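Note sheet for the following structure.
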Amino acid sequence: METPQCPQDIPTFFAKAWNAGDAAALGRLFVEDADFVNVVGLWWHNRSDIERAHEYGLKTFFKFAQLSVRRTKVRLLDENNAVIHVRWMLSGQLDKDGNTLDDRTAIMMFVAQRQEDRWAVVAAQNTDVIPGKETLVAKAGRREAVDYKN
């Protein structure tokens with residue numbers, strides 16, 4: 001089994017597992033007690049839950065979705081710890097009726113740690129990019145992305 005040998009490998013391995021619909025391979029990128037926060041704030045607290053959540057998505061609304069890595073930035077904190085940011089493009093997500101939705105861009109942050117034989121993710125957070133917007137506002141039970149400059 002191929003494993004990340006440097007922090008830069010993590011986004012590529014994540015995308016490869018995603019694109020293959022392989023939630024188990026995706027899960028193996030994480031340490032046992034890893035944390036993962038998705039784009040809507042769902043927070044999974046261990047590898048098993050991270051894998052289970054991705055298995056569900058990859059078999060349903062993401063079953064045809066593909067991730068492409070657009071840009072990666074790695075910041076080594078020391079020889080054993082790193083923060084990795086990656087800009088993704090997601091295409092092929094399905095709506096509830098099975099129709100293909102528009103592409104999405106997101107930025108994901110991984111916190112990774114050197115293990116004995118590989119680099120592994122201890123925490124990850126995924127955030128959608130909403131072009132031209134600065135923040136979210138909440139009103140009357142709804143959220144909307146807004147730009148205060150315009």
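Each chain of the structure tokens is named A, B, ... in the order shown, its residues numbered from 1; ligands are numbered from 1 in display order.
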Excluding same-chain residues fewer than 4 positions from stretch 35-42 of chain A, what lies within 8 Å of it counting only C-alpha atoms, as a PyMOL selection string? chain A and resi 46-47+50+122-128
Quick one: residues within 6 Å of stretch 22-25 of chain A, only C-alpha atoms counted, chain neighbours fewer than 4 positions away excluded, as a PDB file with N, CA, C and O atoms, in the first residue's frame?
ATOM      1  N   ALA A  17      -7.783   8.877  -3.868  1.00  0.00           N
ATOM      2  CA  ALA A  17      -8.752   8.016  -3.180  1.00  0.00           C
ATOM      3  C   ALA A  17     -10.179   8.478  -3.475  1.00  0.00           C
ATOM      4  O   ALA A  17     -11.063   7.661  -3.764  1.00  0.00           O
ATOM      5  N   GLU A  51     -14.085   7.976   7.562  1.00  0.00           N
ATOM      6  CA  GLU A  51     -14.232   7.007   6.471  1.00  0.00           C
ATOM      7  C   GLU A  51     -15.709   6.726   6.191  1.00  0.00           C
ATOM      8  O   GLU A  51     -16.136   6.722   5.025  1.00  0.00           O
ATOM      9  N   HIS A  54     -17.386   9.660   4.380  1.00  0.00           N
ATOM     10  CA  HIS A  54     -16.961   9.756   2.983  1.00  0.00           C
ATOM     11  C   HIS A  54     -17.502   8.581   2.157  1.00  0.00           C
ATOM     12  O   HIS A  54     -17.841   8.756   0.986  1.00  0.00           O
ATOM     13  N   GLU A  55     -17.590   7.410   2.757  1.00  0.00           N
ATOM     14  CA  GLU A  55     -18.155   6.272   2.036  1.00  0.00           C
ATOM     15  C   GLU A  55     -19.596   6.574   1.625  1.00  0.00           C
ATOM     16  O   GLU A  55     -19.998   6.322   0.483  1.00  0.00           O
TER      17      GLU A  55
END
How would you write, as a ChimeraX atom specification, the set of residues in chain A that DSSP gives as strand (DSSP E)? /A:30-37,43-44,66-78,81-91,104-114,119-128,135-139,142-146
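Note that the spacing between atom CA of A:Arg71 and atom CA of A:Lys16 amounts to 15.3 Å.
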As a check of understanding: the span from atom CA of A:Val86 to atom CA of A:Gln115 is 21.2 Å
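Omitting A:Trp119 and its sequence neighbours fewer than 6 positions away, and counting only C-alpha atoms, the residues within 10 Å are Thr3, Pro4, Gln5, Cys6, Pro7, Gln8, Asp9, Ile10, Leu29, Phe30, Val31, Asn80, Asn81, Ala82, Ala112 and Gln113 of chain A.
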Keeping only C-alpha atoms, take the residues you just selected and write them out as a PDB file, in the first residue's frame.
ATOM      1  CA  THR A   3       1.530   5.974   1.726  1.00  0.00           C
ATOM      2  CA  PRO A   4       2.418   9.685   1.857  1.00  0.00           C
ATOM      3  CA  GLN A   5       6.170  10.066   2.271  1.00  0.00           C
ATOM      4  CA  CYS A   6       6.068  13.859   2.535  1.00  0.00           C
ATOM      5  CA  PRO A   7       3.364  16.398   3.421  1.00  0.00           C
ATOM      6  CA  GLN A   8       3.005  17.431  -0.239  1.00  0.00           C
ATOM      7  CA  ASP A   9       1.750  13.903  -1.022  1.00  0.00           C
ATOM      8  CA  ILE A  10      -1.356  14.190   1.157  1.00  0.00           C
ATOM      9  CA  LEU A  29      -4.561   8.968   5.349  1.00  0.00           C
ATOM     10  CA  PHE A  30      -5.754   9.886   8.863  1.00  0.00           C
ATOM     11  CA  VAL A  31      -4.543   8.934  12.331  1.00  0.00           C
ATOM     12  CA  ASN A  80       7.556  16.224  12.237  1.00  0.00           C
ATOM     13  CA  ASN A  81       4.550  18.529  11.768  1.00  0.00           C
ATOM     14  CA  ALA A  82       3.104  20.427   8.822  1.00  0.00           C
ATOM     15  CA  ALA A 112      -0.171  16.385   9.298  1.00  0.00           C
ATOM     16  CA  GLN A 113       2.346  14.594  11.464  1.00  0.00           C
TER      17      GLN A 113
END
I'd like the neighbourhood of stretch 142-144 of chain A as number ranges by chain, where a residue qualifies if any of its atoms comes within 12 Å (using only C-alpha atoms), though same-chain residues fewer than 6 positions away should be ignored. A: 40, 130, 133-136
Dump of C-alpha atoms for the selected residues, as a tab-separated table (two decimals), in the first residue's frame:
chain	number	residue	atom	x	y	z
A	40	VAL	CA	-21.13	22.68	6.32
A	130	ILE	CA	-17.60	31.76	-2.81
A	133	LYS	CA	-18.16	37.35	-1.15
A	134	GLU	CA	-16.61	38.35	2.17
A	135	THR	CA	-18.63	36.59	4.82
A	136	LEU	CA	-21.87	34.84	5.69
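The space between atom CA of A:Arg28 and atom CA of A:Arg118 spans 10.9 Å.
Taking only C-alpha atoms, the non-local environment of stretch 90-102 of chain A within 10 Å (same-chain residues fewer than 5 positions away omitted) comprises Ala15, Gly57, Leu58, Thr60, Phe61, Phe62, Lys63, Phe64, Ala65, Gln66, Leu67, Ser68 and Val69 of chain A.
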Selection export as a compact mmCIF listing (two decimals), in the first residue's frame, atoms kept: N, CA, C and O atoms:
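And here is the file that came out, part-v9.txt:
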# COMPACT_ATOMS: atom_id res chain seq x y z
N ALA A 15 -7.07 13.14 -3.18
CA ALA A 15 -7.79 13.26 -4.45
C ALA A 15 -7.84 11.92 -5.18
O ALA A 15 -8.87 11.55 -5.75
N GLY A 57 -21.02 9.60 1.17
CA GLY A 57 -21.01 10.62 0.12
C GLY A 57 -20.54 10.09 -1.21
O GLY A 57 -21.12 10.39 -2.26
N LEU A 58 -19.49 9.28 -1.18
CA LEU A 58 -18.91 8.76 -2.42
C LEU A 58 -19.81 7.73 -3.10
O LEU A 58 -19.64 7.43 -4.28
N THR A 60 -23.23 8.17 -2.98
CA THR A 60 -24.49 8.85 -3.27
C THR A 60 -24.23 10.11 -4.10
O THR A 60 -23.95 10.01 -5.29
N PHE A 61 -24.29 11.26 -3.50
CA PHE A 61 -24.23 12.52 -4.24
C PHE A 61 -22.85 12.85 -4.80
O PHE A 61 -22.73 13.70 -5.68
N PHE A 62 -21.80 12.17 -4.35
CA PHE A 62 -20.46 12.36 -4.91
C PHE A 62 -20.01 11.17 -5.77
O PHE A 62 -18.84 11.06 -6.11
N LYS A 63 -20.93 10.26 -6.13
CA LYS A 63 -20.49 9.02 -6.80
C LYS A 63 -19.82 9.25 -8.15
O LYS A 63 -19.03 8.43 -8.60
N PHE A 64 -20.09 10.37 -8.81
CA PHE A 64 -19.42 10.70 -10.07
C PHE A 64 -18.47 11.89 -9.91
O PHE A 64 -17.87 12.33 -10.88
N ALA A 65 -18.36 12.41 -8.71
CA ALA A 65 -17.58 13.63 -8.47
C ALA A 65 -16.08 13.34 -8.55
O ALA A 65 -15.61 12.28 -8.14
N GLN A 66 -15.37 14.31 -9.08
CA GLN A 66 -13.92 14.22 -9.20
C GLN A 66 -13.30 15.46 -8.57
O GLN A 66 -13.80 16.57 -8.75
N LEU A 67 -12.20 15.25 -7.85
CA LEU A 67 -11.43 16.34 -7.27
C LEU A 67 -10.18 16.55 -8.10
O LEU A 67 -9.51 15.58 -8.46
N SER A 68 -9.87 17.79 -8.38
CA SER A 68 -8.58 18.08 -9.01
C SER A 68 -7.85 19.09 -8.14
O SER A 68 -8.43 20.08 -7.69
N VAL A 69 -6.59 18.80 -7.89
CA VAL A 69 -5.74 19.68 -7.08
C VAL A 69 -5.32 20.85 -7.95
O VAL A 69 -4.78 20.66 -9.03
Helix (DSSP H, G or I) residues, from DSSP on the backbone, in chain A, as a ChimeraX atom specification: /A:9-19,23-27,47-59
